[in-house]
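Everything below belongs to coords_5.cif, which stores mmCIF, C-alpha atoms.
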data_query
#
loop_
_atom_site.group_PDB
_atom_site.id
_atom_site.type_symbol
_atom_site.label_atom_id
_atom_site.label_comp_id
_atom_site.auth_asym_id
_atom_site.auth_seq_id
_atom_site.Cartn_x
_atom_site.Cartn_y
_atom_site.Cartn_z
ATOM 1 C CA MET A 1 -40.202 -8.900 -8.595
ATOM 2 C CA THR A 2 -40.173 -11.793 -11.053
ATOM 3 C CA SER A 3 -42.728 -13.733 -9.076
ATOM 4 C CA LEU A 4 -44.943 -10.700 -8.980
ATOM 5 C CA GLY A 5 -44.601 -10.287 -12.720
ATOM 6 C CA LEU A 6 -45.440 -13.934 -13.321
ATOM 7 C CA SER A 7 -48.414 -13.918 -11.006
ATOM 8 C CA SER A 8 -50.016 -10.903 -12.658
ATOM 9 C CA PRO A 9 -51.089 -12.670 -15.914
ATOM 10 C CA ALA A 10 -52.347 -15.631 -13.921
ATOM 11 C CA ARG A 11 -54.364 -13.335 -11.712
ATOM 12 C CA LYS A 12 -55.681 -11.542 -14.808
ATOM 13 C CA GLY A 13 -56.623 -14.832 -16.444
ATOM 14 C CA HIS A 14 -58.366 -15.922 -13.278
ATOM 15 C CA GLY A 15 -60.317 -12.654 -13.247
ATOM 16 C CA GLU A 16 -61.397 -13.099 -16.842
ATOM 17 C CA SER A 17 -62.558 -16.654 -16.248
ATOM 18 C CA LEU A 18 -64.502 -15.498 -13.186
ATOM 19 C CA ALA A 19 -66.145 -12.762 -15.261
ATOM 20 C CA ARG A 20 -67.080 -15.311 -17.927
ATOM 21 C CA ARG A 21 -68.563 -17.629 -15.304
ATOM 22 C CA GLU A 22 -70.580 -14.796 -13.814
ATOM 23 C CA ALA A 23 -71.820 -13.795 -17.258
ATOM 24 C CA ARG A 24 -72.723 -17.394 -18.053
ATOM 25 C CA TRP A 25 -74.677 -17.818 -14.834
ATOM 26 C CA GLY A 26 -76.334 -14.479 -15.443
ATOM 27 C CA TYR A 27 -77.597 -15.656 -18.811
ATOM 28 C CA ILE A 28 -78.724 -18.939 -17.258
ATOM 29 C CA PHE A 29 -80.832 -17.123 -14.691
ATOM 30 C CA LEU A 30 -82.154 -14.781 -17.384
ATOM 31 C CA SER A 31 -82.947 -17.618 -19.775
ATOM 32 C CA PRO A 32 -86.565 -18.197 -18.565
ATOM 33 C CA TRP A 33 -87.349 -14.531 -19.239
ATOM 34 C CA ILE A 34 -85.481 -14.592 -22.575
ATOM 35 C CA VAL A 35 -87.357 -17.714 -23.700
ATOM 36 C CA GLY A 36 -90.664 -16.232 -22.571
ATOM 37 C CA PHE A 37 -89.944 -12.936 -24.343
ATOM 38 C CA LEU A 38 -89.067 -14.713 -27.581
ATOM 39 C CA ALA A 39 -91.949 -17.197 -27.455
ATOM 40 C CA PHE A 40 -94.740 -14.922 -26.237
ATOM 41 C CA THR A 41 -93.721 -11.423 -27.351
ATOM 42 C CA LEU A 42 -91.133 -11.034 -30.106
ATOM 43 C CA ILE A 43 -92.054 -14.014 -32.306
ATOM 44 C CA PRO A 44 -95.833 -13.313 -32.108
ATOM 45 C CA MET A 45 -95.197 -9.649 -32.930
ATOM 46 C CA VAL A 46 -93.152 -10.543 -36.003
ATOM 47 C CA ALA A 47 -95.745 -13.141 -37.005
ATOM 48 C CA THR A 48 -98.645 -10.674 -36.780
ATOM 49 C CA LEU A 49 -96.668 -8.133 -38.786
ATOM 50 C CA VAL A 50 -96.236 -10.730 -41.535
ATOM 51 C CA PHE A 51 -99.904 -11.787 -41.274
ATOM 52 C CA SER A 52 -101.029 -8.174 -41.745
ATOM 53 C CA PHE A 53 -99.766 -8.361 -45.338
ATOM 54 C CA THR A 54 -101.505 -11.667 -46.129
ATOM 55 C CA ASN A 55 -105.046 -12.959 -46.618
ATOM 56 C CA ILE A 56 -104.778 -15.535 -43.802
ATOM 57 C CA GLN A 57 -108.131 -16.491 -42.254
ATOM 58 C CA LEU A 58 -108.997 -18.953 -39.523
ATOM 59 C CA THR A 59 -112.170 -20.212 -41.206
ATOM 60 C CA SER A 60 -110.986 -20.366 -44.812
ATOM 61 C CA SER A 61 -109.160 -23.104 -46.650
ATOM 62 C CA GLU A 62 -107.916 -20.622 -49.241
ATOM 63 C CA PRO A 63 -104.116 -20.720 -49.610
ATOM 64 C CA VAL A 64 -102.292 -17.995 -47.761
ATOM 65 C CA ARG A 65 -100.920 -15.393 -50.134
ATOM 66 C CA PHE A 66 -99.294 -11.998 -49.947
ATOM 67 C CA VAL A 67 -101.815 -9.160 -50.455
ATOM 68 C CA GLY A 68 -99.548 -6.180 -49.831
ATOM 69 C CA LEU A 69 -101.248 -3.211 -48.192
ATOM 70 C CA ALA A 70 -104.792 -4.443 -48.881
ATOM 71 C CA ASN A 71 -105.583 -5.041 -45.200
ATOM 72 C CA TRP A 72 -104.184 -1.657 -44.220
ATOM 73 C CA GLN A 73 -106.138 0.132 -46.928
ATOM 74 C CA ALA A 74 -109.316 -1.682 -45.879
ATOM 75 C CA LEU A 75 -108.980 -0.777 -42.205
ATOM 76 C CA LEU A 76 -108.203 2.872 -42.947
ATOM 77 C CA ALA A 77 -111.363 3.043 -45.073
ATOM 78 C CA ASP A 78 -113.513 1.229 -42.482
ATOM 79 C CA GLU A 79 -115.645 3.623 -40.439
ATOM 80 C CA ARG A 80 -115.943 0.993 -37.680
ATOM 81 C CA VAL A 81 -112.209 1.331 -37.011
ATOM 82 C CA TRP A 82 -112.449 5.086 -36.472
ATOM 83 C CA SER A 83 -115.598 4.673 -34.407
ATOM 84 C CA ALA A 84 -113.799 2.198 -32.133
ATOM 85 C CA LEU A 85 -110.874 4.602 -31.808
ATOM 86 C CA ARG A 86 -113.245 7.453 -30.918
ATOM 87 C CA VAL A 87 -114.849 5.316 -28.220
ATOM 88 C CA THR A 88 -111.444 4.343 -26.828
ATOM 89 C CA PHE A 89 -110.102 7.890 -26.724
ATOM 90 C CA SER A 90 -113.355 9.284 -25.302
ATOM 91 C CA PHE A 91 -113.131 6.857 -22.414
ATOM 92 C CA ALA A 92 -109.392 7.489 -22.027
ATOM 93 C CA ALA A 93 -110.028 11.231 -21.619
ATOM 94 C CA LEU A 94 -112.132 10.444 -18.545
ATOM 95 C CA GLN A 95 -110.302 7.424 -17.155
ATOM 96 C CA LEU A 96 -106.668 8.469 -17.486
ATOM 97 C CA PRO A 97 -106.647 11.626 -15.303
ATOM 98 C CA ILE A 98 -108.519 9.793 -12.552
ATOM 99 C CA ALA A 99 -106.186 6.780 -12.746
ATOM 100 C CA VAL A 100 -103.187 9.095 -12.302
ATOM 101 C CA ILE A 101 -104.513 11.547 -9.696
ATOM 102 C CA VAL A 102 -106.657 9.444 -7.339
ATOM 103 C CA PRO A 103 -103.848 7.027 -6.287
ATOM 104 C CA PHE A 104 -101.646 10.068 -5.650
ATOM 105 C CA LEU A 105 -104.254 11.693 -3.394
ATOM 106 C CA ILE A 106 -104.763 8.466 -1.454
ATOM 107 C CA ALA A 107 -101.006 8.047 -1.061
ATOM 108 C CA LEU A 108 -100.776 11.609 0.278
ATOM 109 C CA LEU A 109 -103.463 10.818 2.819
ATOM 110 C CA LEU A 110 -101.854 7.564 3.922
ATOM 111 C CA ASN A 111 -98.441 9.232 4.157
ATOM 112 C CA SER A 112 -99.703 11.823 6.621
ATOM 113 C CA ARG A 113 -98.067 11.832 10.044
ATOM 114 C CA ARG A 114 -101.420 12.561 11.653
ATOM 115 C CA LEU A 115 -103.029 9.385 10.344
ATOM 116 C CA ILE A 116 -103.626 6.733 12.996
ATOM 117 C CA ALA A 117 -102.633 3.160 12.028
ATOM 118 C CA PRO A 118 -101.415 4.018 8.496
ATOM 119 C CA GLY A 119 -100.251 0.438 7.916
ATOM 120 C CA LEU A 120 -103.793 -0.861 8.437
ATOM 121 C CA PHE A 121 -105.245 1.581 5.926
ATOM 122 C CA ARG A 122 -102.537 0.754 3.398
ATOM 123 C CA VAL A 123 -103.427 -2.922 3.635
ATOM 124 C CA LEU A 124 -107.140 -2.184 3.311
ATOM 125 C CA PHE A 125 -106.628 -0.042 0.201
ATOM 126 C CA PHE A 126 -104.280 -2.573 -1.373
ATOM 127 C CA MET A 127 -106.355 -5.699 -0.664
ATOM 128 C CA PRO A 128 -108.854 -5.189 -3.541
ATOM 129 C CA TYR A 129 -105.901 -5.055 -5.943
ATOM 130 C CA THR A 130 -105.112 -8.677 -5.061
ATOM 131 C CA VAL A 131 -108.593 -9.909 -6.015
ATOM 132 C CA PRO A 132 -108.615 -11.695 -9.401
ATOM 133 C CA PHE A 133 -109.650 -9.202 -12.050
ATOM 134 C CA VAL A 134 -112.524 -11.212 -13.515
ATOM 135 C CA ALA A 135 -113.984 -11.771 -10.055
ATOM 136 C CA SER A 136 -113.808 -8.052 -9.265
ATOM 137 C CA VAL A 137 -115.573 -7.184 -12.534
ATOM 138 C CA VAL A 138 -118.395 -9.625 -11.731
ATOM 139 C CA ILE A 139 -118.700 -8.147 -8.233
ATOM 140 C CA TRP A 140 -118.968 -4.602 -9.570
ATOM 141 C CA GLU A 141 -121.413 -5.692 -12.237
ATOM 142 C CA GLN A 142 -123.723 -6.856 -9.456
ATOM 143 C CA MET A 143 -123.095 -3.682 -7.435
ATOM 144 C CA GLU A 144 -124.074 -1.443 -10.364
ATOM 145 C CA ASN A 145 -127.103 -3.483 -11.394
ATOM 146 C CA GLN A 146 -130.206 -1.256 -11.378
ATOM 147 C CA THR A 147 -132.610 -3.815 -9.929
ATOM 148 C CA SER A 148 -130.446 -5.561 -7.336
ATOM 149 C CA GLY A 149 -127.263 -3.519 -7.185
ATOM 150 C CA TRP A 150 -125.920 -2.447 -3.804
ATOM 151 C CA ILE A 151 -125.230 1.098 -4.998
ATOM 152 C CA ASP A 152 -128.796 1.752 -6.154
ATOM 153 C CA GLN A 153 -130.189 0.098 -3.035
ATOM 154 C CA ALA A 154 -128.062 2.412 -0.894
ATOM 155 C CA LEU A 155 -129.332 5.423 -2.864
ATOM 156 C CA GLY A 156 -132.894 4.137 -2.464
ATOM 157 C CA PHE A 157 -132.427 4.130 1.313
ATOM 158 C CA PHE A 158 -132.109 7.918 1.071
ATOM 159 C CA GLY A 159 -135.056 8.196 -1.289
ATOM 160 C CA ILE A 160 -132.926 8.612 -4.423
ATOM 161 C CA ALA A 161 -133.837 6.618 -7.518
ATOM 162 C CA GLY A 162 -130.703 4.827 -8.650
ATOM 163 C CA PRO A 163 -129.730 5.198 -12.317
ATOM 164 C CA ASN A 164 -129.256 2.387 -14.808
ATOM 165 C CA TRP A 165 -125.448 2.453 -14.659
ATOM 166 C CA LEU A 166 -124.628 -0.226 -17.192
ATOM 167 C CA ASN A 167 -127.333 0.470 -19.774
ATOM 168 C CA ASP A 168 -127.349 4.264 -19.929
ATOM 169 C CA PRO A 169 -124.962 5.740 -22.545
ATOM 170 C CA ALA A 170 -124.499 8.822 -20.385
ATOM 171 C CA LEU A 171 -123.470 6.808 -17.305
ATOM 172 C CA ILE A 172 -121.599 3.810 -18.666
ATOM 173 C CA TYR A 173 -118.206 5.557 -18.658
ATOM 174 C CA PRO A 174 -118.543 6.836 -15.048
ATOM 175 C CA ALA A 175 -119.613 3.310 -14.097
ATOM 176 C CA LEU A 176 -116.513 1.832 -15.739
ATOM 177 C CA VAL A 177 -114.278 4.445 -14.088
ATOM 178 C CA LEU A 178 -115.850 3.654 -10.717
ATOM 179 C CA LEU A 179 -115.093 -0.002 -11.336
ATOM 180 C CA GLY A 180 -111.476 0.862 -12.153
ATOM 181 C CA LEU A 181 -111.032 2.576 -8.782
ATOM 182 C CA TRP A 182 -111.366 -0.852 -7.204
ATOM 183 C CA GLY A 183 -107.726 -1.539 -8.139
ATOM 184 C CA VAL A 184 -106.343 1.821 -7.047
ATOM 185 C CA GLY A 185 -104.071 0.111 -4.502
ATOM 186 C CA GLY A 186 -101.422 -0.759 -7.089
ATOM 187 C CA GLY A 187 -100.832 2.844 -8.082
ATOM 188 C CA MET A 188 -101.063 3.920 -4.448
ATOM 189 C CA ILE A 189 -98.092 1.695 -3.539
ATOM 190 C CA VAL A 190 -96.018 3.243 -6.334
ATOM 191 C CA TYR A 191 -96.743 6.767 -5.102
ATOM 192 C CA LEU A 192 -96.034 5.790 -1.491
ATOM 193 C CA GLY A 193 -92.640 4.515 -2.592
ATOM 194 C CA GLY A 194 -91.968 7.828 -4.331
ATOM 195 C CA LEU A 195 -93.086 9.846 -1.289
ATOM 196 C CA SER A 196 -90.773 7.877 0.985
ATOM 197 C CA GLY A 197 -87.838 8.842 -1.244
ATOM 198 C CA ILE A 198 -88.317 12.603 -0.871
ATOM 199 C CA PRO A 199 -85.713 13.981 1.583
ATOM 200 C CA GLY A 200 -87.333 15.268 4.778
ATOM 201 C CA GLU A 201 -84.836 18.141 4.892
ATOM 202 C CA LEU A 202 -86.680 19.812 2.021
ATOM 203 C CA TYR A 203 -89.905 19.976 4.014
ATOM 204 C CA GLU A 204 -88.092 21.142 7.139
ATOM 205 C CA ALA A 205 -86.436 23.969 5.227
ATOM 206 C CA ALA A 206 -89.777 24.926 3.669
ATOM 207 C CA ARG A 207 -91.499 24.999 7.067
ATOM 208 C CA ILE A 208 -88.729 27.185 8.479
ATOM 209 C CA ASP A 209 -89.323 29.584 5.576
ATOM 210 C CA GLY A 210 -93.014 29.644 6.445
ATOM 211 C CA ALA A 211 -94.277 27.682 3.441
ATOM 212 C CA SER A 212 -97.816 26.365 3.798
ATOM 213 C CA TRP A 213 -98.804 22.767 3.155
ATOM 214 C CA LEU A 214 -100.103 23.655 -0.288
ATOM 215 C CA ARG A 215 -96.883 25.442 -1.218
ATOM 216 C CA GLN A 216 -94.856 22.445 -0.028
ATOM 217 C CA LEU A 217 -97.092 20.198 -2.118
ATOM 218 C CA TRP A 218 -96.713 22.341 -5.238
ATOM 219 C CA HIS A 219 -93.016 23.186 -4.981
ATOM 220 C CA ILE A 220 -91.580 20.024 -3.365
ATOM 221 C CA THR A 221 -93.866 16.985 -3.461
ATOM 222 C CA ILE A 222 -95.156 17.235 -7.019
ATOM 223 C CA PRO A 223 -91.788 18.111 -8.650
ATOM 224 C CA MET A 224 -89.997 15.361 -6.724
ATOM 225 C CA LEU A 225 -92.714 12.879 -7.706
ATOM 226 C CA SER A 226 -92.748 13.912 -11.374
ATOM 227 C CA PRO A 227 -90.858 10.740 -12.493
ATOM 228 C CA VAL A 228 -93.528 8.673 -10.714
ATOM 229 C CA PHE A 229 -96.251 10.673 -12.463
ATOM 230 C CA LEU A 230 -94.534 9.964 -15.786
ATOM 231 C CA TYR A 231 -94.302 6.250 -15.001
ATOM 232 C CA THR A 232 -97.971 6.088 -13.981
ATOM 233 C CA LEU A 233 -99.071 8.114 -16.999
ATOM 234 C CA VAL A 234 -97.261 5.908 -19.510
ATOM 235 C CA LEU A 235 -98.609 2.702 -17.963
ATOM 236 C CA GLY A 236 -102.067 4.256 -17.837
ATOM 237 C CA ILE A 237 -101.937 5.152 -21.540
ATOM 238 C CA VAL A 238 -100.923 1.626 -22.502
ATOM 239 C CA ASP A 239 -103.578 0.130 -20.242
ATOM 240 C CA VAL A 240 -106.503 2.302 -21.347
ATOM 241 C CA LEU A 241 -105.733 1.852 -25.055
ATOM 242 C CA GLN A 242 -105.946 -1.911 -24.489
ATOM 243 C CA TYR A 243 -109.221 -1.698 -22.551
ATOM 244 C CA PHE A 244 -111.189 -4.838 -23.304
ATOM 245 C CA LEU A 245 -111.869 -7.397 -20.590
ATOM 246 C CA VAL A 246 -114.333 -5.367 -18.519
ATOM 247 C CA VAL A 247 -116.783 -4.684 -21.349
ATOM 248 C CA GLU A 248 -116.374 -8.217 -22.656
ATOM 249 C CA ILE A 249 -117.521 -9.580 -19.300
ATOM 250 C CA ILE A 250 -120.251 -7.033 -18.540
ATOM 251 C CA ASN A 251 -121.937 -6.732 -21.939
ATOM 252 C CA ASN A 252 -120.586 -9.858 -23.648
ATOM 253 C CA GLY A 253 -118.756 -7.645 -26.123
ATOM 254 C CA THR A 254 -121.966 -6.351 -27.716
ATOM 255 C CA GLY A 255 -120.862 -2.716 -27.600
ATOM 256 C CA GLU A 256 -124.026 -1.740 -25.715
ATOM 257 C CA PRO A 257 -125.380 0.646 -24.686
ATOM 258 C CA GLY A 258 -125.593 2.338 -28.061
ATOM 259 C CA GLY A 259 -122.104 1.344 -29.191
ATOM 260 C CA THR A 260 -120.449 3.286 -26.355
ATOM 261 C CA THR A 261 -118.440 0.230 -25.275
ATOM 262 C CA GLN A 262 -117.266 -0.829 -28.728
ATOM 263 C CA PHE A 263 -113.624 -0.336 -27.756
ATOM 264 C CA TYR A 264 -110.809 -0.805 -30.237
ATOM 265 C CA ASN A 265 -109.438 -3.935 -28.587
ATOM 266 C CA LEU A 266 -112.926 -5.442 -28.600
ATOM 267 C CA PHE A 267 -113.119 -4.715 -32.320
ATOM 268 C CA ILE A 268 -109.813 -6.559 -32.866
ATOM 269 C CA TYR A 269 -111.107 -9.508 -30.835
ATOM 270 C CA LYS A 270 -114.273 -9.737 -32.918
ATOM 271 C CA GLU A 271 -112.384 -9.414 -36.177
ATOM 272 C CA LEU A 272 -110.252 -12.408 -35.235
ATOM 273 C CA TRP A 273 -112.554 -14.768 -33.307
ATOM 274 C CA THR A 274 -115.964 -13.856 -34.777
ATOM 275 C CA TYR A 275 -115.063 -13.217 -38.406
ATOM 276 C CA GLY A 276 -111.836 -15.253 -38.484
ATOM 277 C CA ASP A 277 -109.933 -12.620 -40.475
ATOM 278 C CA GLU A 278 -106.479 -13.009 -38.963
ATOM 279 C CA GLY A 279 -104.830 -10.772 -41.545
ATOM 280 C CA MET A 280 -107.122 -7.841 -40.792
ATOM 281 C CA ALA A 281 -106.910 -8.438 -37.042
ATOM 282 C CA SER A 282 -103.109 -8.390 -37.261
ATOM 283 C CA ALA A 283 -103.177 -5.089 -39.150
ATOM 284 C CA LEU A 284 -105.551 -3.652 -36.543
ATOM 285 C CA ALA A 285 -103.254 -4.792 -33.734
ATOM 286 C CA TRP A 286 -100.245 -3.185 -35.362
ATOM 287 C CA LEU A 287 -102.161 0.038 -35.901
ATOM 288 C CA LEU A 288 -102.883 0.092 -32.155
ATOM 289 C CA PHE A 289 -99.210 -0.562 -31.450
ATOM 290 C CA LEU A 290 -98.142 2.337 -33.677
ATOM 291 C CA ILE A 291 -100.693 4.681 -32.073
ATOM 292 C CA THR A 292 -99.565 3.698 -28.580
ATOM 293 C CA LEU A 293 -95.916 4.089 -29.549
ATOM 294 C CA ALA A 294 -96.516 7.539 -31.045
ATOM 295 C CA ILE A 295 -98.416 8.799 -27.996
ATOM 296 C CA THR A 296 -95.807 7.386 -25.619
ATOM 297 C CA LEU A 297 -92.971 9.040 -27.547
ATOM 298 C CA LEU A 298 -94.814 12.366 -27.450
ATOM 299 C CA VAL A 299 -95.261 12.013 -23.697
ATOM 300 C CA PHE A 300 -91.540 11.328 -23.228
ATOM 301 C CA LEU A 301 -90.636 14.321 -25.400
ATOM 302 C CA ALA A 302 -92.967 16.565 -23.411
ATOM 303 C CA ALA A 303 -91.634 15.105 -20.149
ATOM 304 C CA ARG A 304 -88.376 17.001 -20.629
ATOM 305 C CA ARG A 305 -90.286 20.142 -19.685
ATOM 306 C CA TRP A 306 -92.029 18.935 -16.536
ATOM 307 C CA VAL A 307 -90.193 15.879 -15.153
ATOM 308 C CA TYR A 308 -87.510 16.652 -12.582
ATOM 309 C CA TYR A 309 -84.775 14.165 -11.681
ATOM 310 C CA ALA A 310 -82.877 14.775 -8.461
ATOM 311 C CA GLY A 311 -79.517 13.937 -10.071
ATOM 312 C CA GLU A 312 -79.903 16.621 -12.732
ATOM 313 C CA ARG A 313 -78.565 20.128 -12.337
#
Represent the structure of the file as structure tokens.
Amino acid sequence: MTSLGLSSPARKGHGESLARREARWGYIFLSPWIVGFLAFTLIPMVATLVFSFTNIQLTSSEPVRFVGLANWQALLADERVWSALRVTFSFAALQLPIAVIVPFLIALLLNSRRLIAPGLFRVLFFMPYTVPFVASVVIWEQMENQTSGWIDQALGFFGIAGPNWLNDPALIYPALVLLGLWGVGGGMIVYLGGLSGIPGELYEAARIDGASWLRQLWHITIPMLSPVFLYTLVLGIVDVLQYFLVVEIINNGTGEPGGTTQFYNLFIYKELWTYGDEGMASALAWLLFLITLAITLLVFLAARRWVYYAGER
């Protein structure tokens, strides 16, 4: 009994030291991410917040000084800011539903039991996602070119005059959405993972009850995939509000045609690297962060009404 009593503290001490070692090694393995987060995310965010209240400029030798809310008042009074936001939200209204729904429909198709060689089709749909983004934008720019583009040439084969995709204000957004479908494989993989997690017993019970495919889709597949829809929607919101690189490559950031591609992120880029006003650019960036945060919070609040988690009662 005594030996057991004496061995218990030793065993406890050994357990505590083991826990400390595991925690230490855990922090060691996490340290690259922690350093990267501090160096490339947290510190720059704090720095830009401070810069938004100063007159700091890249091209000026004027001493940096605190200007209070001057940058914020200037951007709120600048019509170009609201115009850039209108452009961004107009494009988001078209892009976001397609970015959420199309990968889901493709995943449904590839998850079908009647599909021959589903693995091959999954690879083919996912392969474009692995192409470097800049290269894919250049490829699609050539495809949508009115004079030499493959799309207009294919339409010409059927006697249809191809439109000027990239220079027509009425067609530039559909052209950009079409370009975005090139990378649909990433979202498709997420939905396929969600579909594989739905218990097959639910479908079997529904078929026994005589439920059609559409009823199974509406009452089983979509509710069970609602967390995946939420995940895709939130990432899509963040992505579309930061839309920038495509129009910078295609139109060199000019905002053409007719200012329809003067996205908010492009406006921030110009404010910093063209005009050198780092204080204003920082305030613009933080305004975008606050808008994105507000929309995301609203989505999460609304998600309580339509997102179903299997563990909930």
Per residue of segment 175-285 of chain A within 8 Å of segment 51-61 of chain A, which atom pair is closest and at what distance in Å (one decimal), using all atoms listed in the file, listed by chain and increasing number, as CSV?
residue,atom,partner,partner_atom,distance
A:Leu272,CA,A:Leu58,CA,7.9
A:Gly276,CA,A:Leu58,CA,4.8
A:Asp277,CA,A:Gln57,CA,4.6
A:Glu278,CA,A:Gln57,CA,5.1
A:Gly279,CA,A:Ser52,CA,4.6
A:Met280,CA,A:Ser52,CA,6.2
A:Ala281,CA,A:Ser52,CA,7.5
A:Ser282,CA,A:Ser52,CA,4.9
A:Ala283,CA,A:Ser52,CA,4.6
Build an axis-aligned box that encloses every atom of segment 114-118 of chain A listed in the file, pad it by 8 Å on each side, and report its centre and edge lengths in Å to one decimal, as lines of an AutoDock Vina configuration file.
center_x = -102.5
center_y = 7.9
center_z = 10.7
size_x = 18.2
size_y = 25.4
size_z = 20.5
Proximity check segment 39-135 of chain A to segment 213-228 of chain A, 12 Å, nearest pairs one decimal Å, only C-alpha atoms, as CSV:
residue,atom,partner,partner_atom,distance
A:Val100,CA,A:Val228,CA,9.8
A:Ile101,CA,A:Ile222,CA,11.3
A:Pro103,CA,A:Val228,CA,11.3
A:Phe104,CA,A:Leu225,CA,9.6
A:Leu105,CA,A:Leu217,CA,11.2
A:Ala107,CA,A:Leu225,CA,11.7
A:Leu108,CA,A:Thr221,CA,9.5
A:Asn111,CA,A:Thr221,CA,11.8
A:Ser112,CA,A:Trp213,CA,11.5
Find the nearest atom pair between each residue of segment 95-143 of chain A and segment 172-193 of chain A for residues within 7 Å, count all atoms listed in the file, give distances in Å to one decimal, sort rows by chain and ascending number, and present the table as a tab-separated table.
residue	atom	partner	partner_atom	distance
A:Gln95	CA	A:Val177	CA	5.8
A:Pro103	CA	A:Met188	CA	4.6
A:Phe104	CA	A:Tyr191	CA	5.9
A:Ile106	CA	A:Met188	CA	6.6
A:Ala107	CA	A:Met188	CA	5.3
A:Phe125	CA	A:Gly185	CA	5.4
A:Phe126	CA	A:Gly185	CA	4.1
A:Pro128	CA	A:Gly183	CA	6.0
A:Tyr129	CA	A:Gly183	CA	4.5
A:Trp140	CA	A:Leu179	CA	6.3
What does the file look like for those residues with C-alpha atoms, as a JSON list (two decimals), in the frame of the given file?
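Heads up, here's the output in result28.json:
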[["chain", "number", "residue", "atom", "x", "y", "z"],
["A", 95, "GLN", "CA", -110.30, 7.42, -17.16],
["A", 103, "PRO", "CA", -103.85, 7.03, -6.29],
["A", 104, "PHE", "CA", -101.65, 10.07, -5.65],
["A", 106, "ILE", "CA", -104.76, 8.47, -1.45],
["A", 107, "ALA", "CA", -101.01, 8.05, -1.06],
["A", 125, "PHE", "CA", -106.63, -0.04, 0.20],
["A", 126, "PHE", "CA", -104.28, -2.57, -1.37],
["A", 128, "PRO", "CA", -108.85, -5.19, -3.54],
["A", 129, "TYR", "CA", -105.90, -5.06, -5.94],
["A", 140, "TRP", "CA", -118.97, -4.60, -9.57]]
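The coordinates place atom CA of Thr232 of chain A at 15.0 Å from atom CA of Ala302 of chain A.
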Residues matched by the PyMOL selection byres ((chain A and resi 158-162) around 12) as an MDAnalysis selection string: chainID A and resid 143:157 163:166 168 171
Prev. selection, C-alpha atoms, output as a short mmCIF file (atom, residue, chain, number, x, y, z; two decimals), in the coordinates of the input:
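File written: result08.cif
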data_model
loop_
_atom_site.label_atom_id
_atom_site.label_comp_id
_atom_site.auth_asym_id
_atom_site.auth_seq_id
_atom_site.Cartn_x
_atom_site.Cartn_y
_atom_site.Cartn_z
CA MET A 143 -123.10 -3.68 -7.44
CA GLU A 144 -124.07 -1.44 -10.36
CA ASN A 145 -127.10 -3.48 -11.39
CA GLN A 146 -130.21 -1.26 -11.38
CA THR A 147 -132.61 -3.82 -9.93
CA SER A 148 -130.45 -5.56 -7.34
CA GLY A 149 -127.26 -3.52 -7.18
CA TRP A 150 -125.92 -2.45 -3.80
CA ILE A 151 -125.23 1.10 -5.00
CA ASP A 152 -128.80 1.75 -6.15
CA GLN A 153 -130.19 0.10 -3.04
CA ALA A 154 -128.06 2.41 -0.89
CA LEU A 155 -129.33 5.42 -2.86
CA GLY A 156 -132.89 4.14 -2.46
CA PHE A 157 -132.43 4.13 1.31
CA PRO A 163 -129.73 5.20 -12.32
CA ASN A 164 -129.26 2.39 -14.81
CA TRP A 165 -125.45 2.45 -14.66
CA LEU A 166 -124.63 -0.23 -17.19
CA ASP A 168 -127.35 4.26 -19.93
CA LEU A 171 -123.47 6.81 -17.30
#
